[in-house]
Amino acid sequence: MLRLKGPILGLLCVFTIACSDNGAARDSGTALDSATTDLKSGLGDSFSGDGAVFGCGFDGQLPFSPMGETLQFESKDRQTCVLAKRRNDSIPGDIYKAVPYTLLSMRVGHDGNAETISDPAKLKWTSTHHNWYDEGEATGGALIYTLAYSFDVNGNGGLMFAVTAKDLQGKAVWGPVTLFGLNAQTTP
């Protein structure tokens, strides 16, 4: 974790602007890139976003933010959902290249089954540069679930999300399943 204050902070701002998307600013904390949201807009009427199929316990009023502390995802076919709760461990006033999080719980529903993991010893969040390739991992009774972020640098840009399940020996059981943020919106 890198913590900067004072004059170094000013230099960091200059260098951050110089090495970011040709100076274009991204607001990764409040909205998804339009390419990602366009995928969600094609979900049609079958996407209710209520998580009722699995009882993921979604809050339908909570706006989606990939940098939020509550993450609510559902697959296009509504056969998979993820509800992850995490804590932002940032120190107020400090600037981070990767916002540090602690995963507090993860609920995964897939094909009619759901499992909630909340034991801190079975939860891990890995923060990456700009949080573009973060992973949350939760070890359940028989499966290890991984919620993965990826940044589409070769396509239209924007964050994409997927979940996979492996058995306790690491063999793939299902996934990756592409996920869409509940209530994801773009900003003009």
# chains A, B, ... in the order shown; residues from 1 in each chain; ligands from 1
call {"tool": "closest_atom_pairs", "arguments": {"of": "segment 64-122 of chain A", "to": "segment 164-180 of chain A", "cutoff": "7 Å", "atoms": "only C-alpha atoms", "output": "CSV"}}
result
residue,atom,partner,partner_atom,distance
A:Phe73,CA,A:Phe180,CA,5.3
A:Glu74,CA,A:Leu179,CA,5.3
A:Ser75,CA,A:Leu179,CA,4.6
call {"tool": "closest_atom_pairs", "arguments": {"of": "segment 51-108 of chain A", "to": "segment 126-130 of chain A", "cutoff": "8 Å", "atoms": "only C-alpha atoms", "output": "CSV"}}
result
residue,atom,partner,partner_atom,distance
A:Lys97,CA,A:His130,CA,5.4
A:Ala98,CA,A:His130,CA,4.9
A:Val99,CA,A:Ser127,CA,6.6
A:Pro100,CA,A:Ser127,CA,5.9
A:Tyr101,CA,A:Ser127,CA,7.0
call {"tool": "select_by_dssp", "arguments": {"residues": "segment 37-144 of chain A", "states": "strand (DSSP E or B)", "output": "ChimeraX atom specification"}}
result
/A:70-74,80-88,101-110,113-117,123-126,135-139,143-144
call {"tool": "closest_residue", "arguments": {"among": "A:Leu143, A:Leu182, A:Val163, A:Ala121", "to": "Phe58 of chain A", "atoms": "only C-alpha atoms"}}
result
A:Leu182
call {"tool": "closest_residue", "arguments": {"among": "A:Gly112, A:Lys124, A:Asn131, A:Ala138", "to": "Gly158 of chain A", "atoms": "only C-alpha atoms"}}
result
A:Asn131
call {"tool": "closest_residue", "arguments": {"among": "A:Ala84, A:Cys56, A:Ile91, A:Ala142", "to": "Gly68 of chain A", "atoms": "only C-alpha atoms"}}
result
A:Ala84
